[in-house]
>>> print(open('entry22.cif').read())   # mmCIF, C-alpha atoms
data_coords
loop_
_atom_site.label_atom_id
_atom_site.label_comp_id
_atom_site.auth_asym_id
_atom_site.auth_seq_id
_atom_site.Cartn_x
_atom_site.Cartn_y
_atom_site.Cartn_z
CA MET A 1 -59.15 45.62 23.83
CA ARG A 2 -57.49 48.84 22.72
CA LEU A 3 -56.52 49.56 26.36
CA LEU A 4 -55.03 46.07 26.74
CA SER A 5 -52.90 46.47 23.62
CA THR A 6 -51.60 49.81 24.87
CA ILE A 7 -50.60 48.28 28.22
CA LYS A 8 -48.72 45.39 26.49
CA ALA A 9 -46.81 47.77 24.22
CA ALA A 10 -45.82 49.93 27.17
CA THR A 11 -44.62 46.85 29.10
CA ARG A 12 -42.42 45.66 26.19
CA CYS A 13 -40.92 49.13 25.81
CA CYS A 14 -40.03 49.32 29.50
CA SER A 15 -38.50 45.81 29.43
CA ASN A 16 -36.34 46.63 26.43
CA ARG A 17 -35.14 49.81 28.11
CA LEU A 18 -34.26 47.92 31.30
CA VAL A 19 -32.30 45.26 29.35
CA ALA A 20 -30.51 47.88 27.27
CA GLY A 21 -29.71 49.85 30.39
CA HIS A 22 -28.32 46.75 32.10
CA PHE A 23 -25.92 45.97 29.22
CA SER A 24 -24.93 49.64 28.85
CA GLN A 25 -24.02 49.82 32.53
CA ALA A 26 -22.15 46.52 32.23
CA ASP A 27 -20.18 47.88 29.27
CA ARG A 28 -19.29 51.03 31.18
CA ARG A 29 -18.06 48.95 34.14
CA GLY A 30 -15.99 46.73 31.80
CA VAL A 31 -18.09 43.69 32.69
CA ARG A 32 -18.73 41.17 29.94
CA PRO A 33 -22.48 40.66 29.42
CA GLY A 34 -23.70 37.21 30.36
CA GLY A 35 -22.52 36.96 33.92
CA GLU A 36 -19.33 35.90 35.68
CA GLU A 37 -19.32 32.40 34.14
CA LEU A 38 -19.39 33.71 30.57
CA ARG A 39 -16.82 36.37 31.44
CA ARG A 40 -14.32 33.68 32.45
CA LEU A 41 -14.86 31.78 29.19
CA ARG A 42 -11.85 32.19 26.90
CA LEU A 43 -12.30 32.96 23.22
CA ASP A 44 -10.29 29.81 22.39
CA ASP A 45 -13.06 27.74 23.96
CA LEU A 46 -15.53 29.11 21.42
CA ALA A 47 -13.42 28.19 18.39
CA PRO A 48 -15.00 25.47 16.22
CA THR A 49 -13.37 22.05 16.55
CA PRO A 50 -12.02 20.79 13.22
CA ARG A 51 -13.40 17.47 11.99
CA LEU A 52 -11.12 14.60 12.94
CA GLU A 53 -10.68 11.21 11.31
CA LEU A 54 -9.15 7.99 12.56
CA LEU A 55 -5.88 7.06 10.89
CA PHE A 56 -4.99 3.39 11.41
CA GLY A 57 -2.02 1.14 10.80
CA LEU A 58 1.57 1.32 12.01
CA SER A 59 3.20 2.83 8.90
CA PRO A 60 0.52 5.48 8.22
CA CYS A 61 0.58 6.68 11.84
CA LEU A 62 4.36 6.71 12.12
CA LEU A 63 4.86 8.51 8.79
CA ALA A 64 2.11 11.00 9.65
CA LEU A 65 3.95 11.87 12.88
CA ARG A 66 7.26 12.21 11.05
CA ALA A 67 5.79 14.38 8.30
CA ALA A 68 3.94 16.59 10.83
CA ARG A 69 1.39 17.74 8.24
CA ARG A 70 -1.62 16.77 10.33
CA ARG A 71 -2.75 17.97 13.74
CA VAL A 72 -2.83 14.93 15.99
CA SER A 73 -5.46 14.86 18.75
CA ARG A 74 -4.41 11.60 20.41
CA LEU A 75 -2.63 8.31 19.82
CA LEU A 76 -4.31 4.98 20.57
CA LEU A 77 -2.04 2.00 21.19
CA GLN A 78 -3.56 -1.42 21.80
CA ALA A 79 -3.38 -2.50 25.44
CA GLY A 80 -2.11 -5.93 26.44
CA ARG A 81 0.96 -6.10 24.20
CA ALA A 82 4.08 -7.30 26.01
CA GLY A 83 6.12 -4.12 25.74
CA LEU A 84 6.59 -1.79 22.78
CA HIS A 85 9.57 -2.37 20.51
CA GLY A 86 10.89 -1.07 17.20
CA GLU A 87 8.57 1.25 15.31
CA ARG A 88 5.88 1.12 18.01
CA ALA A 89 8.39 2.37 20.58
CA GLU A 90 9.45 5.10 18.14
CA LEU A 91 5.80 6.05 17.65
CA LEU A 92 5.30 6.37 21.40
CA ARG A 93 8.44 8.47 21.83
CA ALA A 94 7.42 10.79 18.99
CA ALA A 95 3.96 11.27 20.50
CA GLU A 96 5.36 12.01 23.95
CA ALA A 97 7.85 14.50 22.48
CA ARG A 98 4.94 16.43 20.96
CA ASP A 99 2.77 16.15 24.11
CA ILE A 100 0.17 14.07 22.28
CA PRO A 101 -2.13 12.19 24.68
CA VAL A 102 -1.66 8.41 24.49
CA LEU A 103 -4.49 6.01 25.31
CA ARG A 104 -4.27 2.21 25.67
CA PRO A 105 -7.68 0.76 24.68
CA ARG A 106 -8.28 -2.95 24.23
CA ARG A 107 -8.32 -4.55 20.81
CA GLN A 108 -12.12 -4.86 20.74
CA LYS A 109 -12.43 -1.10 21.15
CA LEU A 110 -9.93 -0.39 18.37
CA ASP A 111 -11.70 -2.88 16.09
CA ALA A 112 -14.98 -1.03 16.59
CA LEU A 113 -13.42 2.41 16.12
CA CYS A 114 -11.76 1.31 12.85
CA HIS A 115 -14.87 -0.50 11.60
CA TYR A 116 -12.84 -3.73 11.73
CA GLN A 117 -10.08 -2.59 9.38
CA VAL A 118 -6.59 -4.02 9.89
CA HIS A 119 -5.14 -1.49 12.37
CA GLN A 120 -2.11 -3.42 13.75
CA GLY A 121 -2.91 -2.13 17.21
CA VAL A 122 -2.20 1.51 16.29
CA CYS A 123 -4.64 4.36 15.58
CA MET A 124 -4.48 8.17 15.69
CA GLU A 125 -7.15 10.86 15.72
CA VAL A 126 -5.96 13.41 13.16
CA THR A 127 -7.15 16.27 10.97
CA PRO A 128 -7.78 15.28 7.33
CA LEU A 129 -5.31 15.69 4.48
CA ARG A 130 -6.60 17.38 1.34
CA PRO A 131 -5.09 17.71 -2.14
CA ARG A 132 -3.51 21.10 -2.78
CA PRO A 133 -4.35 23.24 -5.85
CA TYR A 134 -2.08 22.37 -8.76
CA THR A 135 -1.03 26.03 -8.93
CA GLU A 136 1.03 25.30 -5.78
CA ALA A 137 2.93 22.50 -7.55
CA GLY A 138 5.44 24.98 -8.92
CA GLU A 139 6.47 25.50 -12.51
CA ALA A 140 9.02 23.05 -13.85
CA SER A 141 10.69 23.87 -17.14
CA PRO A 142 11.18 20.94 -19.55
CA GLY A 143 14.78 22.10 -19.98
CA ASP A 144 15.53 21.63 -16.27
CA ASP A 145 15.47 17.84 -16.46
CA PRO A 146 14.37 15.82 -19.50
CA GLN A 147 13.40 12.90 -17.24
CA GLN A 148 10.65 14.50 -15.19
CA LEU A 149 7.57 12.36 -14.66
CA TRP A 150 4.22 13.53 -13.29
CA LEU A 151 1.33 11.14 -12.74
CA VAL A 152 -2.15 12.47 -13.55
CA LEU A 153 -5.21 10.63 -12.20
CA GLU A 154 -8.67 11.21 -13.64
CA GLY A 155 -11.61 10.00 -11.59
CA LEU A 156 -10.03 7.21 -9.52
CA GLN A 157 -12.76 6.29 -7.04
CA ASP A 158 -11.64 3.15 -5.21
CA PRO A 159 -9.57 4.13 -2.13
CA ARG A 160 -7.49 0.95 -2.24
CA ASN A 161 -6.67 1.49 -5.91
CA LEU A 162 -5.65 5.06 -5.18
CA GLY A 163 -3.51 3.97 -2.23
CA ALA A 164 -1.76 1.28 -4.28
CA VAL A 165 -1.06 3.77 -7.09
CA LEU A 166 0.40 6.30 -4.63
CA ARG A 167 2.62 3.64 -3.06
CA THR A 168 3.97 2.55 -6.45
CA ALA A 169 4.48 6.14 -7.61
CA HIS A 170 6.41 6.99 -4.46
CA PHE A 171 8.54 3.84 -4.70
CA LEU A 172 9.50 4.47 -8.35
CA GLY A 173 10.24 8.17 -7.87
CA VAL A 174 7.35 9.94 -9.61
CA ASP A 175 7.90 13.67 -9.18
CA LYS A 176 4.32 14.89 -8.67
CA ILE A 177 0.74 13.57 -8.49
CA ILE A 178 -2.13 15.57 -10.00
CA SER A 179 -5.72 14.40 -9.49
CA SER A 180 -9.04 15.61 -10.85
CA ARG A 181 -11.06 17.31 -8.13
CA ARG A 182 -14.42 16.00 -9.36
CA ASN A 183 -15.44 12.34 -9.09
CA SER A 184 -12.20 11.37 -7.36
CA CYS A 185 -11.62 9.53 -4.12
CA PRO A 186 -10.55 11.86 -1.26
CA LEU A 187 -7.37 11.24 0.75
CA THR A 188 -8.97 9.04 3.40
CA PRO A 189 -7.39 6.81 6.08
CA VAL A 190 -8.17 3.79 3.88
CA VAL A 191 -6.10 5.36 1.08
CA SER A 192 -3.26 6.00 3.53
CA LYS A 193 -3.32 2.39 4.77
CA ALA A 194 -3.40 0.99 1.22
CA SER A 195 -0.42 3.21 0.35
CA ALA A 196 1.51 1.90 3.41
CA GLY A 197 1.70 5.52 4.56
CA ALA A 198 3.12 6.93 1.30
CA MET A 199 0.15 9.32 1.18
CA GLU A 200 1.45 10.95 4.38
CA VAL A 201 4.73 12.05 2.79
CA MET A 202 3.67 12.73 -0.82
CA ASP A 203 2.30 15.99 -2.19
CA VAL A 204 -0.96 15.34 -4.04
CA PHE A 205 -2.34 18.22 -6.10
CA CYS A 206 -5.72 18.62 -7.79
CA SER A 207 -7.25 20.48 -10.71
CA ASP A 208 -10.83 21.49 -11.57
CA ASP A 209 -9.98 21.48 -15.29
CA LEU A 210 -7.75 18.53 -16.05
CA ALA A 211 -8.00 18.89 -19.83
CA GLY A 212 -7.03 22.56 -19.64
CA PHE A 213 -4.12 21.71 -17.35
CA LEU A 214 -2.83 19.06 -19.79
CA GLN A 215 -3.14 21.38 -22.78
CA ALA A 216 -1.20 24.09 -20.94
CA LYS A 217 1.62 21.63 -20.11
CA ALA A 218 1.72 20.46 -23.75
CA ARG A 219 2.25 24.07 -24.87
CA GLN A 220 5.19 24.23 -22.43
CA GLY A 221 6.84 21.26 -24.19
CA TRP A 222 5.69 18.34 -22.01
CA LEU A 223 4.63 15.04 -23.56
CA ILE A 224 1.09 14.08 -22.57
CA ALA A 225 0.87 10.27 -22.55
CA GLY A 226 -2.53 8.79 -21.86
CA THR A 227 -3.28 5.14 -21.21
CA VAL A 228 -5.65 2.69 -22.81
CA GLY A 229 -6.54 -0.90 -21.98
CA SER A 230 -7.62 -2.58 -25.20
CA PRO A 231 -6.96 -0.28 -28.18
CA ALA A 232 -9.52 -2.08 -30.33
CA SER A 233 -12.40 -1.62 -27.90
CA GLU A 234 -11.56 1.74 -26.31
CA LEU A 235 -10.57 3.84 -29.34
CA SER A 236 -12.80 4.96 -32.15
CA GLN A 237 -11.71 4.28 -35.70
CA SER A 238 -11.45 8.02 -36.34
CA SER A 239 -8.96 8.58 -33.52
CA GLU A 240 -5.62 9.87 -34.77
CA ILE A 241 -3.78 9.46 -31.44
CA PRO A 242 -0.99 6.89 -31.85
CA VAL A 243 -1.02 3.88 -29.51
CA THR A 244 2.31 2.43 -28.34
CA SER A 245 3.24 -0.50 -26.14
CA CYS A 246 4.77 0.68 -22.88
CA LEU A 247 7.78 -1.55 -23.64
CA GLU A 248 8.51 0.45 -26.80
CA PHE A 249 8.09 3.90 -25.25
CA LEU A 250 11.24 6.06 -25.23
CA TRP A 251 11.34 8.52 -22.32
CA ASP A 252 13.37 11.39 -23.74
CA ARG A 253 11.46 14.43 -22.47
CA PRO A 254 9.34 15.51 -19.48
CA THR A 255 6.17 13.43 -19.46
CA LEU A 256 2.75 13.45 -17.85
CA LEU A 257 1.32 9.93 -17.62
CA VAL A 258 -2.48 10.05 -17.41
CA LEU A 259 -4.52 7.21 -15.86
CA GLY A 260 -8.31 7.07 -16.09
CA ASN A 261 -11.27 5.83 -14.10
CA GLU A 262 -11.43 2.14 -13.09
CA GLY A 263 -14.47 1.45 -15.25
CA SER A 264 -14.65 4.02 -18.04
CA GLY A 265 -11.00 4.97 -18.46
CA LEU A 266 -10.13 8.43 -19.72
CA SER A 267 -12.89 10.86 -20.60
CA GLN A 268 -13.10 11.93 -24.25
CA GLU A 269 -11.99 15.46 -23.37
CA VAL A 270 -8.90 14.30 -21.49
CA GLN A 271 -8.04 11.65 -24.09
CA ALA A 272 -8.23 14.27 -26.81
CA SER A 273 -5.61 16.28 -24.88
CA CYS A 274 -3.13 13.39 -25.09
CA GLN A 275 -0.42 13.22 -27.75
CA LEU A 276 0.22 9.51 -27.28
CA LEU A 277 -1.54 6.52 -25.70
CA LEU A 278 0.40 3.80 -23.90
CA THR A 279 -0.92 0.29 -23.43
CA VAL A 280 0.10 -2.96 -21.75
CA LEU A 281 -0.19 -5.73 -24.31
CA PRO A 282 -1.48 -9.10 -23.06
CA GLY A 283 0.56 -12.27 -23.43
CA CYS A 284 -2.33 -14.38 -24.72
CA GLN A 285 -5.78 -14.19 -26.26
CA LEU A 286 -8.18 -12.90 -23.60
CA PRO A 287 -11.90 -13.64 -23.23
CA PRO A 288 -14.39 -10.75 -23.14
CA GLY A 289 -14.34 -8.91 -19.83
CA LEU A 290 -10.65 -9.53 -19.15
CA GLU A 291 -9.16 -7.23 -21.79
CA SER A 292 -7.81 -4.73 -19.26
CA LEU A 293 -5.91 -4.71 -15.97
CA ASN A 294 -6.80 -3.29 -12.60
CA VAL A 295 -5.73 0.38 -12.64
CA SER A 296 -3.22 -0.03 -9.81
CA VAL A 297 -1.62 -3.06 -11.51
CA ALA A 298 -1.47 -1.21 -14.84
CA ALA A 299 0.06 1.80 -13.08
CA GLY A 300 2.83 -0.39 -11.67
CA ILE A 301 3.70 -1.89 -15.06
CA LEU A 302 3.55 1.44 -16.90
CA LEU A 303 5.54 3.37 -14.32
CA HIS A 304 8.23 0.70 -14.07
CA SER A 305 8.62 0.53 -17.84
CA ILE A 306 9.16 4.30 -17.90
CA CYS A 307 11.20 4.75 -14.72
CA SER A 308 13.57 1.90 -15.59
CA GLN A 309 14.93 4.27 -18.26
CA ARG A 310 15.92 6.79 -15.59
CA LYS A 311 19.61 7.43 -14.99
CA GLY A 312 20.72 5.80 -11.76
CA PHE A 313 18.26 2.91 -12.06
CA PRO A 314 20.02 -0.52 -11.82
CA ALA A 315 21.94 -0.73 -15.09
CA GLU A 316 20.77 -3.14 -17.77
CA GLU A 317 24.32 -4.41 -18.25
CA GLU A 318 24.60 -5.33 -14.56
CA ARG A 319 21.29 -7.24 -14.69
CA ARG A 320 22.33 -9.06 -17.85
CA GLN A 321 25.67 -10.07 -16.35
CA LEU A 322 23.96 -11.40 -13.24
CA LEU A 323 21.66 -13.58 -15.38
CA GLN A 324 24.43 -14.87 -17.65
CA ASP A 325 27.02 -15.54 -14.93
CA PRO A 326 25.21 -16.30 -11.65
CA PRO A 327 27.44 -16.79 -8.60
CA ALA A 328 27.99 -20.27 -7.17
CA MET A 329 25.17 -21.56 -4.99
CA SER A 330 27.58 -22.13 -2.10
CA GLU A 331 28.47 -18.43 -2.07
CA GLY A 332 24.84 -17.39 -1.84
CA LEU A 333 23.01 -15.11 -4.24
CA ARG A 334 23.84 -11.44 -3.71
CA VAL A 335 21.46 -8.96 -5.27
CA ALA A 336 22.51 -5.36 -5.84
CA PRO A 337 20.48 -3.19 -3.44
CA HIS A 338 17.55 -1.39 -5.05
CA PRO A 339 17.27 2.37 -4.37
CA GLY A 340 13.91 1.77 -2.70
CA LEU A 341 15.14 -1.08 -0.47
CA SER A 342 16.57 -0.15 2.90
CA LEU A 343 19.82 -1.70 4.13
CA GLY A 344 18.02 -3.07 7.15
CA SER A 345 15.54 -4.98 5.00
CA GLU A 346 18.43 -6.41 2.97
CA LYS A 347 20.18 -7.67 6.12
CA GLU A 348 16.98 -9.18 7.49
CA ARG A 349 16.37 -11.02 4.22
CA HIS A 350 19.87 -12.55 4.21
CA LYS A 351 19.45 -13.49 7.86
CA GLY A 352 16.19 -15.24 7.10
CA GLY A 353 17.72 -17.03 4.11
#
>>> encode(input="entry22.cif", output="structure tokens")
Amino acid sequence: MRLLSTIKAATRCCSNRLVAGHFSQADRRGVRPGGEELRRLRLDDLAPTPRLELLFGLSPCLLALRAARRRVSRLLLQAGRAGLHGERAELLRAAEARDIPVLRPRRQKLDALCHYQVHQGVCMEVTPLRPRPYTEAGEASPGDDPQQLWLVLEGLQDPRNLGAVLRTAHFLGVDKIISSRRNSCPLTPVVSKASAGAMEVMDVFCSDDLAGFLQAKARQGWLIAGTVGSPASELSQSSEIPVTSCLEFLWDRPTLLVLGNEGSGLSQEVQASCQLLLTVLPGCQLPPGLESLNVSVAAGILLHSICSQRKGFPAEEERRQLLQDPPAMSEGLRVAPHPGLSLGSEKERHKGG
């Protein structure tokens, strides 16, 4: 047995020396170990492939291409459509200009790839978008512009709610979006579709310590305005934070509007960091369970009530004059164009009417 063990040890030693000698000679000759096939393999081929996701819908895909913040692997356009016109043609031209491969699968294939979401015959394989650290948002001094508005989101988890909030915020001109990193919905393709592509062109930032972030902004002179559904049910009797109807709120300094989770609202720590709580008052007596609004609906009402005070918004006097002295029906109703409404949409509406 001892002789057998000695022979095995000697065999392993010789093998190791032969292998080492082979690689040493290969190194001296400048030959890459592993043979000719491995030698021809480029280092780029060994790089890990980033995880891709499937963006779907015409507006999200088109805005993602325009913004150029994602790496696009390929564009999928539904086969069988009689020509490509308008935005679909623009999408195809943009993809070809960037040498993005274009495939034409049938609708059944796109349905399966999108898990039967509404894709409008357009999908793209893209790298994910992620919120950026709030430290990259840049410092804005309250003295720069008294009508700065940042939207802060704590723990929004429904992707369609998040998408609707982003769309409204972009439409009404919110300056920045800050989200809590924990317990928040990521920036998924469903969020992008629900936002009609607004997610693709907006900067969304995140913070690990939302309460600390709010307290720091308060020390800089910002107003921290939280939100509450039903003041009677969501605030303790000992709370000293004033509650104000959004219709009575005066926007006279830079403000951070804070929205909470769909079910539980603002956490106690974040609510304690607020200097004021805004609410949307109901127009009638509500039964239990209906005391609050969906978060995306509440966001729209709150943001509009604030942003309508912004300089350059359609003037109150113009709206009042239009209501008091409407033009003759034969002349047709002419509405002053809204900043968020394109001229093309206005023309199409008059054409249809």
>>> resolve_selection(input="entry22.cif", expression="the PyMOL selection byres ((chain A and resi 170) around 12)", output="JSON, numbers by chain")
{"A": [149, 150, 151, 163, 164, 165, 166, 167, 168, 169, 171, 172, 173, 174, 175, 176, 177, 195, 196, 197, 198, 199, 200, 201, 202, 203, 204, 299, 300, 303, 304, 307, 339, 340]}
>>> write_last_selection(input="entry22.cif", atoms="C-alpha atoms", output="PDB file, keeping the file's coordinate frame")
ATOM      1  CA  LEU A 149       7.570  12.360 -14.660  1.00  0.00           C
ATOM      2  CA  TRP A 150       4.220  13.530 -13.290  1.00  0.00           C
ATOM      3  CA  LEU A 151       1.330  11.140 -12.740  1.00  0.00           C
ATOM      4  CA  GLY A 163      -3.510   3.970  -2.230  1.00  0.00           C
ATOM      5  CA  ALA A 164      -1.760   1.280  -4.280  1.00  0.00           C
ATOM      6  CA  VAL A 165      -1.060   3.770  -7.090  1.00  0.00           C
ATOM      7  CA  LEU A 166       0.400   6.300  -4.630  1.00  0.00           C
ATOM      8  CA  ARG A 167       2.620   3.640  -3.060  1.00  0.00           C
ATOM      9  CA  THR A 168       3.970   2.550  -6.450  1.00  0.00           C
ATOM     10  CA  ALA A 169       4.480   6.140  -7.610  1.00  0.00           C
ATOM     11  CA  PHE A 171       8.540   3.840  -4.700  1.00  0.00           C
ATOM     12  CA  LEU A 172       9.500   4.470  -8.350  1.00  0.00           C
ATOM     13  CA  GLY A 173      10.240   8.170  -7.870  1.00  0.00           C
ATOM     14  CA  VAL A 174       7.350   9.940  -9.610  1.00  0.00           C
ATOM     15  CA  ASP A 175       7.900  13.670  -9.180  1.00  0.00           C
ATOM     16  CA  LYS A 176       4.320  14.890  -8.670  1.00  0.00           C
ATOM     17  CA  ILE A 177       0.740  13.570  -8.490  1.00  0.00           C
ATOM     18  CA  SER A 195      -0.420   3.210   0.350  1.00  0.00           C
ATOM     19  CA  ALA A 196       1.510   1.900   3.410  1.00  0.00           C
ATOM     20  CA  GLY A 197       1.700   5.520   4.560  1.00  0.00           C
ATOM     21  CA  ALA A 198       3.120   6.930   1.300  1.00  0.00           C
ATOM     22  CA  MET A 199       0.150   9.320   1.180  1.00  0.00           C
ATOM     23  CA  GLU A 200       1.450  10.950   4.380  1.00  0.00           C
ATOM     24  CA  VAL A 201       4.730  12.050   2.790  1.00  0.00           C
ATOM     25  CA  MET A 202       3.670  12.730  -0.820  1.00  0.00           C
ATOM     26  CA  ASP A 203       2.300  15.990  -2.190  1.00  0.00           C
ATOM     27  CA  VAL A 204      -0.960  15.340  -4.040  1.00  0.00           C
ATOM     28  CA  ALA A 299       0.060   1.800 -13.080  1.00  0.00           C
ATOM     29  CA  GLY A 300       2.830  -0.390 -11.670  1.00  0.00           C
ATOM     30  CA  LEU A 303       5.540   3.370 -14.320  1.00  0.00           C
ATOM     31  CA  HIS A 304       8.230   0.700 -14.070  1.00  0.00           C
ATOM     32  CA  CYS A 307      11.200   4.750 -14.720  1.00  0.00           C
ATOM     33  CA  PRO A 339      17.270   2.370  -4.370  1.00  0.00           C
ATOM     34  CA  GLY A 340      13.910   1.770  -2.700  1.00  0.00           C
TER      35      GLY A 340
END
>>> residues_around(input="entry22.cif", residues="Cys114 of chain A", least_positions_apart="4", cutoff="10 Å", atoms="only C-alpha atoms", output="number ranges by chain")
A: 54-57, 109-110, 118-119, 123, 189-190
>>> residues_around(input="entry22.cif", residues="segment 58-73 of chain A", least_positions_apart="6", cutoff="8 Å", atoms="all atoms listed in the file", output="ChimeraX atom specification")
/A:87-88,91,94-95,100-101,119-129,192-193,196-198,200-201
>>> residues_around(input="entry22.cif", residues="Leu162 of chain A", least_positions_apart="2", cutoff="9 Å", atoms="only C-alpha atoms", output="PyMOL selection string")
chain A and resi 153+156-160+164-167+185+187+191+194-195+295-296
>>> closest_residue(input="entry22.cif", among="A:Gln271, A:Thr227, A:Thr279, A:Gln309", to="Leu257 of chain A", atoms="only C-alpha atoms")
A:Thr227
>>> resolve_selection(input="entry22.cif", expression="the PyMOL selection byres ((chain A and resi 244) around 9)", output="ChimeraX atom specification")
/A:242-243,245-249,276-280
>>> atom_distance(input="entry22.cif", atom1="atom CA of Gln148 of chain A", atom2="atom CA of Gly263 of chain A")
28.3 Å
>>> closest_residue(input="entry22.cif", among="A:Arg219, A:Arg107, A:Arg310, A:Arg130", to="Ser179 of chain A", atoms="all atoms listed in the file")
A:Arg130
>>> atom_distance(input="entry22.cif", atom1="atom CA of Tyr116 of chain A", atom2="atom CA of Ala79 of chain A")
16.7 Å
